[in-house]
>>> print(open('entry13.txt').read())   # compact mmCIF, C-alpha atoms
# COMPACT_ATOMS: atom_id res chain seq x y z
CA MET I 18 65.20 88.94 -67.42
CA ALA I 19 63.76 86.15 -69.55
CA ASP I 20 64.09 86.48 -73.31
CA PRO I 21 60.57 86.93 -74.77
CA ASN I 22 61.53 84.88 -77.79
CA VAL I 23 62.49 81.82 -75.71
CA LEU I 24 59.35 79.86 -74.94
CA VAL I 25 58.80 76.59 -73.13
CA ASP I 26 56.35 73.99 -74.41
CA GLY I 27 52.79 75.14 -73.97
CA GLU I 28 53.62 78.85 -74.24
CA ASP I 29 54.15 78.95 -77.99
CA THR I 30 50.53 79.00 -79.16
CA GLU I 31 48.24 81.88 -80.07
CA VAL I 32 44.51 82.33 -80.66
CA LEU I 33 43.46 85.16 -82.98
CA ASP I 34 40.58 87.45 -82.11
CA GLU I 35 37.62 87.63 -84.49
CA GLY I 36 38.96 90.74 -86.23
CA GLY I 37 42.26 89.06 -87.01
CA LYS I 38 40.53 85.92 -88.22
CA SER I 39 38.29 87.98 -90.48
CA ILE I 40 41.26 89.73 -92.10
CA LEU I 41 43.09 86.47 -92.68
CA MET I 42 39.98 84.82 -94.08
CA GLY I 43 39.59 87.68 -96.54
CA ILE I 44 43.13 87.23 -97.79
CA ILE I 45 42.93 83.44 -97.89
CA ALA I 46 39.67 83.54 -99.85
CA GLN I 47 41.64 85.06 -102.72
CA LEU I 48 44.32 82.35 -102.66
CA GLY I 49 44.56 78.97 -104.26
CA LYS I 50 46.24 76.01 -102.63
CA SER I 51 50.06 76.15 -103.06
CA THR I 52 49.98 79.90 -103.78
CA ASP I 53 53.38 81.52 -103.23
CA LEU I 54 52.85 83.72 -100.15
CA HIS I 55 55.93 85.87 -100.73
CA ARG I 56 53.93 87.88 -103.25
CA VAL I 57 51.04 88.32 -100.81
CA SER I 58 51.01 91.31 -98.45
CA LEU I 59 50.19 89.82 -95.07
CA PRO I 60 48.51 91.81 -92.26
CA THR I 61 50.91 93.38 -89.78
CA PHE I 62 49.56 91.46 -86.77
CA VAL I 63 51.30 88.31 -88.06
CA LEU I 64 54.69 90.05 -88.17
CA GLU I 65 57.53 89.40 -85.76
CA PRO I 66 59.13 92.81 -85.05
CA ARG I 67 62.49 92.16 -86.70
CA SER I 68 63.87 91.43 -90.15
CA MET I 69 64.73 87.95 -91.41
CA LEU I 70 68.34 89.14 -91.64
CA GLU I 71 68.36 89.57 -87.86
CA ARG I 72 66.39 86.42 -87.18
CA ILE I 73 69.18 84.37 -88.77
CA THR I 74 71.42 85.39 -85.86
CA ASP I 75 69.41 83.08 -83.59
CA PHE I 76 71.86 80.41 -84.75
CA MET I 77 74.71 82.43 -83.25
CA SER I 78 73.00 82.61 -79.84
CA HIS I 79 75.09 79.86 -78.24
CA PRO I 80 78.61 80.45 -79.58
CA GLU I 81 80.22 78.39 -76.82
CA LEU I 82 78.93 75.32 -78.67
CA ILE I 83 80.98 76.02 -81.79
CA VAL I 84 83.83 78.51 -81.24
CA LYS I 85 86.15 76.00 -79.57
CA ALA I 86 85.06 73.00 -81.62
CA ASN I 87 88.10 73.28 -83.89
CA GLN I 88 90.26 72.31 -80.91
CA ILE I 89 88.54 68.92 -80.52
CA GLN I 90 90.97 66.31 -81.77
CA ASP I 91 88.48 63.48 -82.34
CA PRO I 92 86.87 64.13 -85.77
CA VAL I 93 83.61 62.41 -84.79
CA GLU I 94 83.30 64.59 -81.69
CA ARG I 95 83.97 67.70 -83.82
CA PHE I 96 81.11 66.59 -86.05
CA VAL I 97 78.89 66.14 -82.98
CA ALA I 98 79.79 69.69 -81.88
CA VAL I 99 78.71 71.16 -85.24
CA THR I 100 75.46 69.17 -85.12
CA ARG I 101 74.80 70.47 -81.58
CA TYR I 102 75.42 74.04 -82.78
CA PHE I 103 72.93 73.62 -85.63
CA LEU I 104 70.23 72.28 -83.30
CA SER I 105 70.69 75.04 -80.72
CA GLY I 106 69.02 77.92 -82.56
CA TRP I 107 65.55 76.60 -83.27
CA HIS I 108 64.09 77.06 -79.77
CA ILE I 109 64.27 80.86 -80.07
CA LYS I 110 60.95 82.00 -81.49
CA PRO I 111 58.05 84.39 -80.86
CA LYS I 112 54.75 83.28 -79.39
CA GLY I 113 52.27 81.78 -81.85
CA VAL I 114 52.84 82.23 -85.57
CA LYS I 115 54.88 85.30 -86.40
CA LYS I 116 56.74 86.05 -89.61
CA PRO I 117 59.83 88.29 -89.71
CA TYR I 118 59.89 91.18 -92.14
CA ASN I 119 60.72 90.34 -95.73
CA PRO I 120 64.02 92.18 -96.27
CA ILE I 121 64.12 94.59 -99.18
CA ILE I 122 66.87 94.26 -101.77
CA GLY I 123 70.10 95.85 -100.54
CA GLU I 124 69.03 95.68 -96.89
CA GLN I 125 71.80 94.66 -94.52
CA PHE I 126 72.26 93.66 -90.88
CA ARG I 127 75.55 93.89 -88.97
CA ALA I 128 76.39 92.58 -85.50
CA GLN I 129 79.27 91.39 -83.36
CA TRP I 130 79.79 89.34 -80.21
CA LYS I 131 82.40 89.61 -77.44
CA PHE I 132 83.25 86.38 -75.61
CA ASP I 133 84.49 85.84 -72.05
CA ASP I 134 88.00 84.95 -73.24
CA GLY I 135 88.35 88.28 -75.08
CA THR I 136 87.81 86.88 -78.56
CA GLU I 137 85.11 88.23 -80.88
CA ALA I 138 82.81 87.22 -83.72
CA PHE I 139 81.32 89.30 -86.54
CA TYR I 140 78.23 88.96 -88.72
CA ILE I 141 77.04 90.57 -91.93
CA ALA I 142 73.87 89.71 -93.85
CA GLU I 143 72.62 91.22 -97.08
CA GLN I 144 69.44 90.78 -99.07
CA VAL I 145 70.67 90.08 -102.58
CA SER I 146 67.25 89.46 -104.19
CA HIS I 147 63.67 90.34 -103.35
CA HIS I 148 61.78 88.23 -105.94
CA PRO I 149 62.67 85.51 -105.23
CA PRO I 150 63.82 86.42 -101.71
CA ILE I 151 67.47 85.48 -101.11
CA SER I 152 69.38 86.36 -97.95
CA VAL I 153 73.15 85.73 -97.77
CA TYR I 154 75.14 85.93 -94.55
CA TYR I 155 78.66 85.53 -93.18
CA TYR I 156 79.72 84.89 -89.57
CA ALA I 157 83.36 84.71 -88.56
CA SER I 158 85.47 84.46 -85.44
CA PRO I 159 89.06 84.46 -86.77
CA GLU I 160 90.59 84.02 -83.32
CA ASN I 161 88.58 80.80 -82.98
CA ASN I 162 89.14 79.63 -86.59
CA ILE I 163 85.39 79.70 -87.35
CA SER I 164 83.77 80.75 -90.61
CA VAL I 165 80.09 80.35 -91.51
CA LEU I 166 78.69 81.22 -94.94
CA GLY I 167 75.02 80.69 -95.68
CA ASP I 168 72.16 81.55 -97.96
CA LEU I 169 68.44 81.34 -97.32
CA LEU I 170 65.78 81.11 -100.03
CA PRO I 171 62.46 80.75 -98.20
CA LYS I 172 59.50 79.78 -100.36
CA SER I 173 56.11 80.05 -98.66
CA LYS I 174 52.96 78.28 -99.77
CA PHE I 175 49.36 78.27 -98.57
CA LEU I 176 48.17 74.74 -97.73
CA GLY I 177 44.62 75.19 -96.41
CA ASN I 178 44.62 75.49 -92.62
CA SER I 179 48.42 75.70 -92.74
CA ALA I 180 51.14 77.64 -94.49
CA ALA I 181 54.53 76.14 -95.26
CA THR I 182 57.86 77.91 -95.62
CA LEU I 183 60.26 75.70 -97.54
CA MET I 184 63.71 76.62 -96.20
CA GLN I 185 65.86 76.26 -99.28
CA GLY I 186 69.54 77.11 -99.20
CA GLU I 187 72.42 75.78 -97.14
CA ILE I 188 74.95 76.67 -94.45
CA LYS I 189 78.68 75.98 -94.75
CA VAL I 190 80.58 75.82 -91.46
CA SER I 191 84.36 75.78 -91.83
CA PHE I 192 87.27 75.48 -89.42
CA THR I 193 89.90 77.67 -91.01
CA ASN I 194 92.74 75.77 -89.29
CA ARG I 195 91.49 72.51 -90.85
CA PRO I 196 91.47 73.10 -94.64
CA GLY I 197 88.77 71.28 -96.55
CA GLU I 198 86.82 70.32 -93.43
CA ASP I 199 83.54 71.95 -94.46
CA TYR I 200 80.21 71.05 -92.90
CA ILE I 201 77.25 71.50 -95.25
CA ILE I 202 73.92 71.95 -93.46
CA THR I 203 70.39 71.99 -94.85
CA MET I 204 67.36 73.12 -92.87
CA PRO I 205 63.94 71.75 -91.96
CA ASN I 206 60.80 73.39 -93.28
CA VAL I 207 58.56 75.62 -91.18
CA TYR I 208 54.80 75.11 -90.87
CA ALA I 209 52.26 77.58 -89.50
CA ARG I 210 49.26 75.60 -88.24
CA GLY I 211 45.74 76.68 -87.38
CA ILE I 212 45.54 79.80 -89.52
CA LEU I 213 41.86 79.20 -90.39
CA PHE I 214 40.60 77.43 -87.29
CA GLY I 215 42.02 76.07 -84.06
CA THR I 216 45.11 77.28 -82.24
CA MET I 217 47.92 78.92 -84.20
CA LEU I 218 51.38 77.49 -83.68
CA MET I 219 54.64 76.94 -85.52
CA GLU I 220 56.13 73.52 -86.25
CA LEU I 221 59.32 72.33 -87.90
CA GLY I 222 59.01 69.39 -90.24
CA ASP I 223 60.77 67.18 -92.76
CA VAL I 224 64.45 66.24 -92.97
CA ALA I 225 67.52 68.39 -92.41
CA SER I 226 71.11 67.24 -92.65
CA VAL I 227 74.68 67.91 -91.55
CA LYS I 228 77.39 66.47 -93.79
CA CYS I 229 81.19 66.62 -93.91
CA ALA I 230 82.63 64.85 -96.94
CA LYS I 231 86.22 65.03 -95.67
CA LEU I 232 85.30 63.21 -92.46
CA ASP I 233 82.94 60.79 -94.23
CA LEU I 234 80.20 61.66 -91.73
CA VAL I 235 76.54 62.57 -92.15
CA CYS I 236 73.63 63.23 -89.82
CA ASN I 237 70.07 63.10 -91.15
CA LEU I 238 67.62 64.74 -88.77
CA ASP I 239 63.89 64.10 -88.94
CA PHE I 240 61.92 67.04 -87.51
CA LYS I 241 58.60 65.46 -86.58
CA VAL I 242 55.27 67.28 -86.85
CA LYS I 243 52.45 66.27 -84.53
CA GLY I 244 49.94 63.81 -85.96
CA PHE I 245 46.24 64.68 -86.01
CA PHE I 246 45.39 62.13 -83.33
CA SER I 247 48.73 61.20 -81.80
CA GLY I 248 52.31 62.26 -81.25
CA SER I 249 53.77 65.37 -79.63
CA TYR I 250 55.00 68.73 -80.80
CA ASN I 251 58.61 69.57 -81.69
CA GLY I 252 59.90 66.00 -81.88
CA LEU I 253 63.30 65.21 -83.33
CA ALA I 254 65.13 62.00 -84.31
CA GLY I 255 68.34 61.40 -86.19
CA LYS I 256 71.47 59.35 -86.63
CA ILE I 257 75.11 60.23 -87.14
CA LYS I 258 76.60 57.76 -89.59
CA ARG I 259 79.80 56.90 -91.35
CA GLU I 260 78.60 57.63 -94.87
CA SER I 261 80.75 55.12 -96.75
CA THR I 262 79.71 52.14 -94.59
CA ASN I 263 76.32 53.35 -93.27
CA GLU I 264 77.54 52.53 -89.76
CA THR I 265 75.52 54.28 -87.08
CA LEU I 266 77.78 56.05 -84.57
CA TYR I 267 75.21 58.01 -82.57
CA GLU I 268 71.43 58.33 -82.28
CA ILE I 269 69.73 61.64 -81.52
CA SER I 270 66.24 62.11 -80.06
CA GLY I 271 64.13 64.50 -78.01
CA LYS I 272 62.56 67.89 -78.63
CA TRP I 273 64.30 70.78 -80.36
CA SER I 274 62.35 73.15 -78.10
CA ASP I 275 63.41 71.37 -74.91
CA GLU I 276 65.96 68.63 -74.30
CA ILE I 277 67.87 66.78 -77.01
CA ILE I 278 69.54 63.46 -76.16
CA ILE I 279 72.48 61.79 -77.91
CA LYS I 280 73.00 58.06 -77.47
CA LYS I 281 75.82 55.64 -78.27
CA GLY I 282 75.00 52.03 -77.45
CA THR I 283 73.62 52.03 -73.91
CA MET I 284 75.28 55.34 -73.01
CA LYS I 285 73.29 58.53 -73.41
CA GLU I 286 73.70 62.17 -72.43
CA VAL I 287 72.12 65.56 -73.02
CA LEU I 288 73.28 67.04 -76.31
CA PHE I 289 71.48 70.36 -75.81
CA ASP I 290 69.00 71.69 -73.24
CA ALA I 291 67.03 74.73 -74.35
CA LYS I 292 65.77 75.34 -70.81
CA THR I 293 69.22 76.00 -69.35
CA ALA I 294 71.13 77.35 -72.36
CA LYS I 295 72.31 80.93 -71.98
CA ILE I 296 71.91 83.27 -74.93
CA SER I 297 75.00 85.30 -75.82
CA PRO I 298 73.91 88.90 -76.55
CA LYS I 299 74.87 90.46 -79.85
CA ILE I 300 76.20 94.00 -80.11
CA ILE I 301 74.44 96.24 -82.63
CA ALA I 302 75.09 99.91 -83.34
CA PRO I 303 72.39 102.33 -82.13
CA GLU I 304 69.86 103.10 -84.86
CA ASP I 305 71.04 106.71 -85.20
CA GLN I 306 74.52 105.39 -86.06
CA GLN I 307 73.28 102.89 -88.63
CA GLU I 308 73.07 103.39 -92.37
CA PRO I 309 69.57 103.97 -93.83
CA ASN I 310 69.34 100.43 -95.24
CA GLU I 311 70.36 98.62 -92.03
CA SER I 312 67.49 96.49 -90.80
CA ARG I 313 66.69 98.06 -87.44
CA ARG I 314 66.86 101.62 -88.74
CA LEU I 315 65.07 100.79 -92.00
CA TRP I 316 62.09 99.19 -90.21
CA SER I 317 62.24 101.26 -87.00
CA ASN I 318 58.86 102.97 -87.46
CA LEU I 319 57.12 99.67 -88.24
CA THR I 320 58.74 98.03 -85.22
CA ALA I 321 57.71 100.90 -82.94
CA ALA I 322 54.10 100.64 -84.14
CA LEU I 323 53.99 96.89 -83.61
CA LYS I 324 55.38 97.18 -80.08
CA VAL I 325 52.44 99.40 -79.07
CA ASN I 326 50.01 97.25 -81.08
CA ASN I 327 49.03 100.10 -83.43
CA GLN I 328 48.21 97.96 -86.45
CA ASP I 329 46.91 100.85 -88.58
CA LEU I 330 50.16 102.80 -88.16
CA ALA I 331 52.16 99.59 -88.68
CA THR I 332 50.44 99.04 -92.02
CA VAL I 333 51.28 102.60 -93.11
CA GLU I 334 54.94 102.29 -92.08
CA LYS I 335 55.34 98.90 -93.72
CA SER I 336 53.90 100.29 -96.97
CA LYS I 337 56.31 103.25 -96.90
CA VAL I 338 59.34 100.96 -96.93
CA GLU I 339 57.91 98.63 -99.56
CA ASP I 340 56.73 101.47 -101.82
CA ALA I 341 60.17 103.10 -101.66
CA GLN I 342 61.75 99.81 -102.70
CA ARG I 343 59.35 99.43 -105.66
CA ALA I 344 60.14 102.98 -106.80
CA SER I 345 63.88 102.37 -106.52
CA THR I 346 63.64 99.08 -108.44
CA LYS I 347 61.54 100.71 -111.16
CA GLY I 348 64.05 103.54 -111.49
CA ARG I 349 66.96 101.13 -111.90
CA GLU I 350 65.08 99.07 -114.44
CA GLU I 351 64.19 102.13 -116.50
CA LEU I 352 67.88 103.08 -116.60
CA GLY I 353 68.94 99.51 -117.30
CA GLN I 354 71.03 99.42 -114.14
CA PRO I 355 71.29 96.08 -112.31
CA HIS I 356 71.42 95.98 -108.52
CA ILE I 357 75.02 95.52 -107.32
CA HIS I 358 75.59 93.57 -104.12
CA ARG I 359 77.76 95.26 -101.52
CA TYR I 360 79.22 92.32 -99.58
CA PHE I 361 78.55 89.20 -101.63
CA GLU I 362 79.00 88.06 -105.21
CA SER I 363 77.23 85.48 -107.33
CA ASP I 364 78.81 82.98 -109.70
CA GLY I 365 75.75 83.25 -111.93
CA LYS I 366 74.62 79.74 -111.00
CA GLY I 367 72.82 80.61 -107.78
CA ASN I 368 75.89 80.32 -105.53
CA PHE I 369 77.12 83.24 -103.44
CA ASP I 370 80.45 83.98 -101.82
CA ILE I 371 81.75 86.83 -99.71
CA LYS I 372 83.66 89.49 -101.65
CA LEU I 373 86.45 89.57 -99.07
CA LYS I 374 89.33 87.52 -100.48
CA ASN I 375 92.81 86.48 -99.35
CA ILE I 376 91.95 86.49 -95.65
CA SER I 377 95.14 86.26 -93.62
CA SER I 378 96.04 83.05 -91.79
CA ASP I 379 97.08 85.19 -88.83
CA PRO I 380 93.98 85.48 -86.56
CA GLN I 381 94.58 89.11 -85.55
CA GLU I 382 95.25 90.25 -89.11
CA ALA I 383 92.18 88.33 -90.31
CA LYS I 384 90.09 89.95 -87.60
CA GLN I 385 91.11 93.43 -88.73
CA GLN I 386 90.43 92.52 -92.37
CA ILE I 387 86.90 91.39 -91.48
CA ILE I 388 86.21 94.48 -89.36
CA ASP I 389 87.36 96.76 -92.20
CA PHE I 390 85.30 94.79 -94.71
CA ILE I 391 82.05 94.81 -92.72
CA TYR I 392 82.23 98.34 -91.36
CA ASN I 393 84.34 100.26 -93.88
CA THR I 394 83.27 98.93 -97.27
CA PRO I 395 81.79 102.01 -98.96
CA PRO I 396 78.01 102.02 -99.50
CA LEU I 397 76.95 101.43 -103.06
CA VAL I 398 75.41 104.42 -104.79
>>> encode(input="entry13.txt", output="structure tokens")
Amino acid sequence: MADPNVLVDGEDTEVLDEGGKSILMGIIAQLGKSTDLHRVSLPTFVLEPRSMLERITDFMSHPELIVKANQIQDPVERFVAVTRYFLSGWHIKPKGVKKPYNPIIGEQFRAQWKFDDGTEAFYIAEQVSHHPPISVYYYASPENNISVLGDLLPKSKFLGNSAATLMQGEIKVSFTNRPGEDYIITMPNVYARGILFGTMLMELGDVASVKCAKLDLVCNLDFKVKGFFSGSYNGLAGKIKRESTNETLYEISGKWSDEIIIKKGTMKEVLFDAKTAKISPKIIAPEDQQEPNESRRLWSNLTAALKVNNQDLATVEKSKVEDAQRASTKGREELGQPHIHRYFESDGKGNFDIKLKNISSDPQEAKQQIIDFIYNTPPLV
């Protein structure tokens, strides 16, 4: 069965009916240009039926691109493998312009993957701040020497007929068997077009980067938005360079939603093909076995309403979750109690790290440590 979130070019647009347009126009009429949309309650028909904490797992959809990369002996080819992994998650998206749920503070999402060779990977994400919204996540496959730590600080602004989500934050990919070989990744920005008139669609724009200081390598990727009169959607161009000499080693081009080509001199090959890539399913506990603040259980009534297109009920269920969060936050503030993160800790300067320390160098011992940490760390009262 085809994944409904994997769309080919031409299928990713949406036209709102007059009722939807009227609601959006009413909201927009109250906004000024560059207004921060995270403080605006958007209508439920623009929601994608999952939390942002789950949406982040799109970048773990093609694990075969990264889990064996640590075994590549050529450092440049390892860098290419990490770049391929980063580019592989963007093609997974809902039709038109849909926004995942804003996670509430303390919300969490847990998942795991089982691979054909018997190895596994684990994921935990936690919302550590609501205003401003900050999501922190950790993905690890100890048997494959992979560790990914990331934070996401989306900042949305109204820009007239478009809305922009500035994807602040970064991803750190590490090979645990190669100390100090950390790959720091920044993301492109997301643009919702046609929200006042025309056809609604999502574009990626601006520059993202992959950088490994130890290897002296960098890749700057230009996500191209379509021009008003020319160009095409979802374009991508970039170069992998030796940072110290500015020598170009590879050139990258194509469409992030389709086929991406990598070229060295006159030789070129497919770096990633979204049309043929197979998504690796994640394993998630049934909702009745989840904790109350796990994403799917927390938002289950809203998701159910959206799936039957009952927007009135969806609005009620969304408000229930948000009102409960406001009441909880108010109660803590009145008692002078700060929110304590369950899985991650801050250095006070905006940087987050996982609370699990002294992870074993033995893959099986590390795996058990991570399982115990993600699934057996006591809930915070």
>>> residues_around(input="entry13.txt", residues="stretch 252-263 of chain I", least_positions_apart="4", cutoff="8 Å", atoms="all atoms listed in the file", output="NGL selection string")
:I and (233-243 or 267-273 or 277)
>>> atom_distance(input="entry13.txt", atom1="atom CA of I:Leu82", atom2="atom CA of I:Val190")
12.9 Å
>>> closest_residue(input="entry13.txt", among="I:Ile278, I:Ala180, I:Ala138, I:Cys229", to="I:Ile201", atoms="only C-alpha atoms")
I:Cys229
>>> closest_residue(input="entry13.txt", among="I:Glu81, I:Asp223, I:Asp91, I:Glu137", to="I:Met184", atoms="only C-alpha atoms")
I:Asp223
>>> atom_distance(input="entry13.txt", atom1="atom CA of I:Asn87", atom2="atom CA of I:Asp275")
26.3 Å
>>> residues_around(input="entry13.txt", residues="stretch 149-165 of chain I", least_positions_apart="3", cutoff="6 Å", atoms="only C-alpha atoms", output="number ranges by chain")
I: 84, 137-146, 168-170, 189-194, 380, 384
>>> atom_distance(input="entry13.txt", atom1="atom CA of I:Ser226", atom2="atom CA of I:Ile371")
23.4 Å
>>> closest_residue(input="entry13.txt", among="I:Lys112, I:His358, I:Arg101, I:Arg349", to="I:Leu218", atoms="only C-alpha atoms")
I:Lys112
>>> axis_aligned_box(input="entry13.txt", around="stretch 249-256 of chain I", padding_each_side="3 Å", output="JSON")
{"center_x": 62.6, "center_y": 64.5, "center_z": -83.1, "size_x": 23.7, "size_y": 16.2, "size_z": 13.0}
>>> closest_residue(input="entry13.txt", among="I:Ile391, I:Val224, I:Phe289, I:Val207", to="I:Ala98", atoms="only C-alpha atoms")
I:Phe289
>>> residues_around(input="entry13.txt", residues="I:Arg95", least_positions_apart="6", cutoff="10 Å", atoms="all atoms listed in the file", output="list of chain:residue names")
I:Ile83, I:Lys85, I:Ala86, I:Asn87, I:Gln88, I:Ile89, I:Arg101, I:Leu232
>>> decode(input="entry13.txt", residues="stretch 128-136 of chain I", atoms="all heavy atoms", output="tab-separated table (two decimals), in the first residue's frame")
chain	number	residue	atom	x	y	z
I	128	ALA	N	9.83	5.65	19.80
I	128	ALA	CA	9.69	4.69	18.70
I	128	ALA	C	10.95	3.85	18.60
I	128	ALA	O	12.00	4.21	19.16
I	128	ALA	CB	9.43	5.41	17.38
I	129	GLN	N	10.86	2.74	17.87
I	129	GLN	CA	12.03	1.93	17.59
I	129	GLN	C	11.88	1.30	16.22
I	129	GLN	O	10.80	1.26	15.63
I	129	GLN	CB	12.25	0.87	18.67
I	129	GLN	CG	11.16	-0.19	18.77
I	129	GLN	CD	11.40	-1.11	19.95
I	129	GLN	OE1	10.89	-0.88	21.05
I	129	GLN	NE2	12.16	-2.18	19.72
I	130	TRP	N	13.00	0.83	15.68
I	130	TRP	CA	13.04	0.19	14.37
I	130	TRP	C	13.80	-1.12	14.50
I	130	TRP	O	14.78	-1.21	15.24
I	130	TRP	CB	13.77	1.08	13.35
I	130	TRP	CG	13.05	2.32	12.95
I	130	TRP	CD1	12.36	2.54	11.78
I	130	TRP	CD2	12.95	3.55	13.68
I	130	TRP	NE1	11.85	3.81	11.75
I	130	TRP	CE2	12.20	4.46	12.91
I	130	TRP	CE3	13.44	3.96	14.93
I	130	TRP	CZ2	11.91	5.75	13.33
I	130	TRP	CZ3	13.15	5.25	15.36
I	130	TRP	CH2	12.39	6.13	14.57
I	131	LYS	N	13.36	-2.14	13.77
I	131	LYS	CA	14.07	-3.41	13.67
I	131	LYS	C	14.54	-3.58	12.23
I	131	LYS	O	13.73	-3.47	11.30
I	131	LYS	CB	13.18	-4.57	14.09
I	131	LYS	CG	12.81	-4.57	15.58
I	131	LYS	CD	11.98	-5.78	15.94
I	131	LYS	CE	11.58	-5.78	17.42
I	131	LYS	NZ	12.73	-5.96	18.31
I	132	PHE	N	15.83	-3.85	12.04
I	132	PHE	CA	16.40	-3.95	10.71
I	132	PHE	C	16.57	-5.41	10.30
I	132	PHE	O	16.53	-6.32	11.13
I	132	PHE	CB	17.75	-3.22	10.66
I	132	PHE	CG	17.65	-1.77	11.10
I	132	PHE	CD1	18.61	-1.22	11.95
I	132	PHE	CD2	16.59	-0.97	10.72
I	132	PHE	CE1	18.53	0.10	12.36
I	132	PHE	CE2	16.48	0.35	11.14
I	132	PHE	CZ	17.46	0.88	11.96
I	133	ASP	N	16.75	-5.62	9.01
I	133	ASP	CA	16.82	-6.98	8.45
I	133	ASP	C	17.96	-7.80	9.04
I	133	ASP	O	17.88	-9.03	9.10
I	133	ASP	CB	16.97	-6.91	6.92
I	133	ASP	CG	15.71	-6.38	6.25
I	133	ASP	OD1	14.64	-6.40	6.89
I	133	ASP	OD2	15.80	-5.95	5.08
I	134	ASP	N	19.03	-7.14	9.47
I	134	ASP	CA	20.17	-7.88	10.02
I	134	ASP	C	20.04	-8.15	11.52
I	134	ASP	O	20.98	-8.64	12.15
I	134	ASP	CB	21.48	-7.14	9.73
I	134	ASP	CG	21.55	-5.77	10.42
I	134	ASP	OD1	20.57	-5.39	11.09
I	134	ASP	OD2	22.58	-5.09	10.28
I	135	GLY	N	18.87	-7.82	12.08
I	135	GLY	CA	18.64	-8.09	13.51
I	135	GLY	C	19.00	-6.95	14.43
I	135	GLY	O	18.70	-7.01	15.63
I	136	THR	N	19.66	-5.92	13.91
I	136	THR	CA	19.99	-4.77	14.75
I	136	THR	C	18.76	-3.86	14.89
I	136	THR	O	17.76	-4.01	14.17
I	136	THR	CB	21.16	-3.97	14.16
I	136	THR	OG1	20.80	-3.47	12.85
I	136	THR	CG2	22.40	-4.84	14.04
